[in-house]
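A short write-up of the structure that comes next.
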Amino acid sequence: MSLHEISLTVNGAVVTKQVEARTLLVHFIRENLELTGTHIGCDTTSCGACTVLLNGKPTKSCTVFAVQANQATLETVESVAEGGKLHPIQQGFWEKHGLQCGFCTPGMIMTTKSLLQKNPRPTEAEIREGISGNICRCTGYNKIVEAVQYAADKLGEAR
Amino acid sequence: MIPAQFDYHAPRSLDEAIALLRQHEGAKVLAGGQSLIPAMRFRLAQPEVLIDINGIAQLDYIKERGGHLALGALTRETALEESPLIAERYALLLDTAKVVADPLVRQRATVGGNLAHADPANDHPATMLAYGAQVVARGPAGERVIEIDNFFTGLFESALGPQEILTEIRIPAPGPGSAGAYLKIERKVGDYAVTGVAVQLTLTGNICKSIRIGLTNVNPTPMRALEAEARLTGQALTDDALEAAGRLAASACSPSADLRGSEEYKRDLTRVVMKRAVRLAQSRVKGTN
C-alpha cells in the first residue's frame, strides 16, 4: 500500500492532503474535502453524477484516482455559484425545471459548464450529445435540454 | 466500491516506466483508466502495482509520417474527435472515436489502452484490423512492431509481453480511391456494441480492389471477416455480392447470447450492419458522390 501527499487547487484554493493510492477522486472529494455536492450514482462509470472539471475537462471522478489529481486544478459543483448568486446554468435548471430528485444535477451542471465553454451556442442535438454521458432517471431530459438552452442564452446576453 | 490496495508509481519517461515494469512483476500500466479502474473497483483486477503513464507527454501525439498516421498510445478519444487531420483523411477512425463509451469517458480514454486491453467489445480493435494497422511496443529489449493481425491472442490477451508498453499505433495512409466507415449498434450511449463493423476499402471505378472488415463484440477475440473480404475483393459491389458477403461474416463470427440479444440476432444484425458499413465507405470514396 502506498500513501502519497498530493497538492491540488480545489475551487480556487490550494489543498495538500495525504491519500492512499487506491482512493478514488470522488471519495477524496466527498470524504476528505467534505464537498458532498459531487454525487456517487452508479459506481460503474455509467451515470456521470460524479462529474467534476479536472484541469478544465469534464471527468467522472469515480474513474480516476485522487493521487492522479496531484498538481491539478479541480472544480466541483460548489464552485459554480459566485458570491451566493446562482450561476446562469443553475438559474436555467431552476427556471426550466431541469431537475426533479436532483441527484444527477451536480454532474449535469459540471458537464454543461464544460459544454458551454467549448460551444457557447449549441444546437439541441449538440446538447443531447454533450450530456449523453450523464444519466437522469426523472426528467426524460427535455427539461434539462431547455435548462442548458436557457443558460446558453443568458451567458450569450452577458457577453 | 473501493479497489484493493496497490502501490502507485508515476514515471516521467518511457525508460523509467519500463524499468518499473522490470522491477515489479505483475504491475499494470494505467493509461486512461476507463476500463482498468472499473475492473479494479469490482476487484476483477487487483494489481499490486500501478504504473501511471499519464505523465509521459512523449506518448501523446497525432501525426503523419513516412506513409502512415502515427498515434501516440496516450492519444485521447476526444483528441481524435477534434483533430482536423483525422476528420480530413481518416473517416473510419473518426467514426470509431465518436462512439467509444460516452463523451465524458472519451476525455480520458486512450486509443492505446483501448487496444492493449484486448477486449473484443472495445471499438478500436475492429477498426485497426480493418486499417491493417501496426502496433509499436517497447520493452527492456527495445522496440518492436507487431502487425495488428497478430496482436489479439485471446480474450483480454494481446501479444504484448509483461514488460512491454504499447507506445504507438501506425495506420497506413489511405491511397487514392480509399475510404472507410465504422457502424456500431448500441442499446444506449455508453454501452458496448450489440455488433459493430469496421470497413476500409479501395475502389477502382466500380470494382472493389481491396477491402478489410473488422467485427466488434461478436467473437471471443477481435476478428476480421476474412471470407467476406475474399468474396468482395475484385468484385463489383452489387447488392447480391454484399448480401453474400454479409452472410459469410454472419456465419464466421461467434457471438454469445446476452442481454443485448440472442446469438442468431447478433449474427443477422452483423450481416445487415456489414452491408451498410460497406455502402457508407463506398459513398465516401472521393469522386463517387
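Ordering of the C-alpha cells sets the chain letters (A, B, ...); residue numbers start at 1 within each chain; ligands are numbered from 1 in the order shown.
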10 Å contact set for Glu146 (chain A), only C-alpha atoms, chain neighbours under 5 positions out, as a ChimeraX atom specification: /A:92-93,95-98,124,127,141,151-152
Write the selection just made, keeping C-alpha atoms, as a compact mmCIF listing (two decimals), in the first residue's frame?
```txt
# COMPACT_ATOMS: atom_id res chain seq x y z
CA GLY A 92 -31.59 27.53 -16.05
CA PHE A 93 -32.13 24.31 -14.08
CA GLU A 95 -36.34 28.21 -14.18
CA LYS A 96 -36.86 25.34 -16.62
CA HIS A 97 -37.39 22.62 -14.00
CA GLY A 98 -34.25 20.81 -15.18
CA GLU A 124 -30.40 20.84 -29.38
CA ILE A 127 -26.72 19.47 -26.14
CA TYR A 141 -34.05 15.03 -20.41
CA ALA A 151 -28.12 29.09 -19.73
CA ALA A 152 -26.62 29.49 -23.21
```
Could you list, as number ranges by chain, every residue within 8 Å of region 45-57 of chain B, counting only C-alpha atoms and ignoring same-chain residues fewer than 2 positions away? B: 3-14, 17, 20-21, 24, 26-32, 36, 39-40, 42-43, 59-60, 74
Residue list for chain A near chain B as a PyMOL selection string, 10 Å, only C-alpha atoms: chain A and resi 1-4+20-24+27+42-48+51+57-60+62-65+67-68+111+129-135
Dump C-alpha atoms for the selected residues as a compact mmCIF listing (two decimals), in the first residue's frame?
```txt
# COMPACT_ATOMS: atom_id res chain seq x y z
CA MET A 1 0.00 0.00 0.00
CA SER A 2 1.36 3.39 -0.81
CA LEU A 3 0.49 6.71 0.80
CA HIS A 4 1.01 9.87 -1.18
CA GLU A 20 -3.94 6.16 -0.18
CA ALA A 21 -3.15 5.25 -3.79
CA ARG A 22 -6.45 3.40 -4.10
CA THR A 23 -8.61 6.35 -3.02
CA LEU A 24 -10.87 7.35 -5.90
CA HIS A 27 -14.20 9.61 -2.35
CA CYS A 42 -23.65 4.13 -10.11
CA ASP A 43 -20.04 3.35 -9.24
CA THR A 44 -19.72 1.81 -12.71
CA THR A 45 -18.59 4.79 -14.84
CA SER A 46 -22.07 4.97 -16.34
CA CYS A 47 -24.10 7.76 -14.76
CA GLY A 48 -21.94 10.91 -14.58
CA THR A 51 -18.64 14.67 -12.92
CA LYS A 57 -12.04 18.76 -18.57
CA PRO A 58 -15.28 17.08 -17.51
CA THR A 59 -14.25 13.89 -15.77
CA LYS A 60 -16.06 11.08 -14.00
CA CYS A 62 -15.23 7.76 -9.77
CA THR A 63 -12.89 6.68 -12.57
CA VAL A 64 -9.69 8.43 -11.62
CA PHE A 65 -7.55 8.04 -8.51
CA VAL A 67 -3.31 10.61 -6.47
CA GLN A 68 -3.63 11.29 -10.21
CA THR A 111 -20.89 18.83 -17.90
CA GLU A 129 -24.88 14.53 -27.38
CA GLY A 130 -22.96 16.65 -24.85
CA ILE A 131 -24.94 15.35 -21.85
CA SER A 132 -25.17 11.76 -23.11
CA GLY A 133 -22.64 10.61 -20.50
CA ASN A 134 -24.91 11.85 -17.71
CA ILE A 135 -27.94 9.80 -16.80
```
State, in Å with one decimal place, the distance from CA of Leu215 (chain B) to CA of Val197 (chain B). 4.8 Å
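Across the structure, CA of Leu93 (chain B) and CA of Thr127 (chain B) are spaced 6.9 Å apart.
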Please provide the set of residues having any atom within 7 Å of Val10 (chain A), restricted to only C-alpha atoms, with same-chain residues fewer than 4 positions apart removed, written as JSON, numbers by chain. {"A": [14, 15, 73, 74, 75]}
Among region 48-287 of chain B, which residues does DSSP mark as strand (DSSP E) when it is run on the backbone? Keep the chain and numbering as in the structure and answer as number ranges by chain. B: 49-52, 62-65, 68-72, 134-139, 142-147, 152-154, 157-158, 165-172, 178-185, 195-204, 207-216, 223-224
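Distances to Ile144 (chain A) were evaluated for A:Asn11, A:Ser114, A:Gln18, A:Gln100 using only C-alpha atoms, and the minimum falls at A:Gln100.
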Residues near Gly246 (chain B), cut-off 6 Å, only C-alpha atoms, skip fewer than 3 positions along chain, as a list in words: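 So the residues in contact are Leu242, Glu243, Ala249, Arg271 and Met274 of chain B.
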For Ala173 (chain B), list every protein, DNA or RNA residue within 7 Å, evaluated using only C-alpha atoms, and leave out those in the same chain fewer than 3 positions away; present the list as a CSV table (one decimal) with N, CA and C atoms, in the first residue's frame.
```
chain,number,residue,atom,x,y,z
B,67,GLY,N,4.3,7.7,-44.8
B,67,GLY,CA,3.3,6.9,-45.3
B,67,GLY,C,2.3,6.3,-44.3
B,68,HIS,N,2.4,6.8,-43.1
B,68,HIS,CA,1.3,6.3,-42.1
B,68,HIS,C,1.0,7.4,-41.1
B,69,LEU,N,-0.2,7.2,-40.5
B,69,LEU,CA,-0.6,8.1,-39.4
B,69,LEU,C,-0.1,7.4,-38.1
```
With only C-alpha atoms as the counted atoms, please give the residues lying no more than 8 Å from region 147-159 of chain B, apart from itself and same-chain residues fewer than 3 positions off, as a PyMOL selection string. chain B and resi 116-120+128-129+132-135+220-222
Could the residues in this selection be saved with N, CA and C atoms as a compact mmCIF listing (two decimals), in the first residue's frame?
```
# COMPACT_ATOMS: atom_id res chain seq x y z
N ALA B 116 -4.70 -2.22 -25.98
CA ALA B 116 -3.92 -3.06 -25.07
C ALA B 116 -4.82 -3.88 -24.15
N HIS B 117 -6.02 -3.36 -23.86
CA HIS B 117 -6.97 -4.08 -23.02
C HIS B 117 -7.46 -5.35 -23.73
N ALA B 118 -7.39 -5.35 -25.08
CA ALA B 118 -7.72 -6.53 -25.90
C ALA B 118 -9.11 -7.08 -25.59
N ASP B 119 -10.03 -6.19 -25.37
CA ASP B 119 -11.42 -6.57 -25.13
C ASP B 119 -12.14 -6.61 -26.48
N PRO B 120 -12.70 -7.75 -26.86
CA PRO B 120 -13.38 -7.83 -28.16
C PRO B 120 -14.60 -6.91 -28.25
N MET B 128 -8.76 -1.06 -36.16
CA MET B 128 -7.34 -1.23 -36.51
C MET B 128 -7.14 -2.48 -37.36
N LEU B 129 -7.97 -3.51 -37.14
CA LEU B 129 -7.91 -4.68 -38.03
C LEU B 129 -8.29 -4.27 -39.45
N GLY B 132 -5.52 -2.48 -41.11
CA GLY B 132 -4.25 -3.17 -41.25
C GLY B 132 -3.15 -2.40 -40.54
N ALA B 133 -3.46 -1.95 -39.33
CA ALA B 133 -2.53 -1.11 -38.56
C ALA B 133 -1.37 -1.93 -38.00
N GLN B 134 -0.39 -1.21 -37.47
CA GLN B 134 0.70 -1.84 -36.73
C GLN B 134 0.73 -1.24 -35.33
N VAL B 135 1.18 -2.04 -34.39
CA VAL B 135 1.30 -1.59 -33.01
C VAL B 135 2.79 -1.61 -32.65
N PRO B 220 -15.06 -14.18 -29.43
CA PRO B 220 -14.24 -14.11 -28.21
C PRO B 220 -12.99 -13.24 -28.37
N THR B 221 -12.52 -13.05 -29.58
CA THR B 221 -11.42 -12.12 -29.83
C THR B 221 -11.83 -11.20 -30.97
N PRO B 222 -11.24 -10.00 -31.03
CA PRO B 222 -11.50 -9.14 -32.19
C PRO B 222 -11.15 -9.90 -33.46
```
I need the residues in chain A that are alpha helix (DSSP H) according to DSSP; give them as an MDAnalysis selection string. chainID A and resid 25:27 88:95 105:118 124:130 142:158
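Interatomic distance, CA of Glu77 (chain B) against CA of Leu94 (chain B): 9.1 Å.
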Near Val80 (chain A), counting only C-alpha atoms, which residues have an atom at most 12 Å away, once you skip same-chain residues fewer than 3 positions from it, shown as a PyMOL selection string? chain A and resi 11-12+37+52-53+75-77+83-91+106-107+109-114
Using N, CA and C atoms, can you export the residues from the last selection as a short mmCIF file (atom, residue, chain, number, x, y, z; two decimals), in the first residue's frame?
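Below is the file that was written, selection.cif:
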```cif
data_model
loop_
_atom_site.label_atom_id
_atom_site.label_comp_id
_atom_site.auth_asym_id
_atom_site.auth_seq_id
_atom_site.Cartn_x
_atom_site.Cartn_y
_atom_site.Cartn_z
N ASN A 11 -11.39 24.37 -6.28
CA ASN A 11 -12.27 25.54 -6.33
C ASN A 11 -11.53 26.82 -5.95
N GLY A 12 -10.30 26.94 -6.47
CA GLY A 12 -9.53 28.17 -6.30
C GLY A 12 -8.56 28.16 -5.13
N GLY A 37 -21.38 17.89 -2.65
CA GLY A 37 -22.21 18.19 -3.82
C GLY A 37 -21.98 17.20 -4.94
N VAL A 52 -16.79 16.13 -12.42
CA VAL A 52 -16.11 17.35 -11.98
C VAL A 52 -15.26 17.84 -13.14
N LEU A 53 -14.72 19.05 -13.02
CA LEU A 53 -13.77 19.51 -14.03
C LEU A 53 -12.36 19.32 -13.49
N GLU A 75 -12.41 21.56 -10.16
CA GLU A 75 -13.61 22.37 -9.92
C GLU A 75 -14.79 21.44 -9.66
N THR A 76 -15.47 21.67 -8.54
CA THR A 76 -16.66 20.89 -8.23
C THR A 76 -17.88 21.81 -8.31
N VAL A 77 -19.05 21.22 -8.14
CA VAL A 77 -20.28 22.00 -8.27
C VAL A 77 -20.34 23.15 -7.26
N GLY A 83 -20.48 34.29 -5.02
CA GLY A 83 -20.99 35.29 -4.07
C GLY A 83 -22.44 35.04 -3.69
N GLY A 84 -22.81 33.78 -3.56
CA GLY A 84 -24.18 33.45 -3.15
C GLY A 84 -25.20 33.64 -4.26
N LYS A 85 -24.74 33.94 -5.47
CA LYS A 85 -25.66 34.17 -6.58
C LYS A 85 -25.59 32.99 -7.54
N LEU A 86 -26.76 32.48 -7.90
CA LEU A 86 -26.77 31.32 -8.79
C LEU A 86 -26.16 31.67 -10.14
N HIS A 87 -25.37 30.75 -10.65
CA HIS A 87 -24.79 30.87 -11.98
C HIS A 87 -25.92 30.71 -13.01
N PRO A 88 -25.80 31.31 -14.20
CA PRO A 88 -26.85 31.17 -15.21
C PRO A 88 -27.23 29.71 -15.51
N ILE A 89 -26.27 28.79 -15.39
CA ILE A 89 -26.61 27.37 -15.61
C ILE A 89 -27.56 26.91 -14.50
N GLN A 90 -27.23 27.27 -13.27
CA GLN A 90 -28.11 26.89 -12.14
C GLN A 90 -29.47 27.56 -12.27
N GLN A 91 -29.47 28.84 -12.69
CA GLN A 91 -30.76 29.53 -12.92
C GLN A 91 -31.59 28.77 -13.95
N PRO A 106 -25.67 17.84 -10.02
CA PRO A 106 -24.29 18.34 -9.94
C PRO A 106 -23.47 17.94 -11.17
N GLY A 107 -23.63 16.69 -11.59
CA GLY A 107 -22.90 16.22 -12.77
C GLY A 107 -23.38 16.90 -14.03
N ILE A 109 -24.65 19.84 -14.27
CA ILE A 109 -24.20 21.23 -14.27
C ILE A 109 -22.73 21.32 -14.66
N MET A 110 -21.90 20.42 -14.15
CA MET A 110 -20.47 20.48 -14.50
C MET A 110 -20.25 20.14 -15.97
N THR A 111 -21.00 19.16 -16.48
CA THR A 111 -20.89 18.83 -17.90
C THR A 111 -21.36 20.00 -18.76
N THR A 112 -22.46 20.65 -18.32
CA THR A 112 -22.97 21.80 -19.06
C THR A 112 -21.96 22.94 -19.07
N LYS A 113 -21.30 23.14 -17.94
CA LYS A 113 -20.31 24.21 -17.87
C LYS A 113 -19.22 24.00 -18.92
N SER A 114 -18.74 22.78 -18.99
CA SER A 114 -17.70 22.46 -19.97
C SER A 114 -18.23 22.58 -21.40
#
```
In terms of the shortest atom-to-atom distance over only C-alpha atoms, which of B:Glu164, B:Glu82, B:Asp239, B:Asp123 is closest to Ala19 (chain B)? B:Glu164
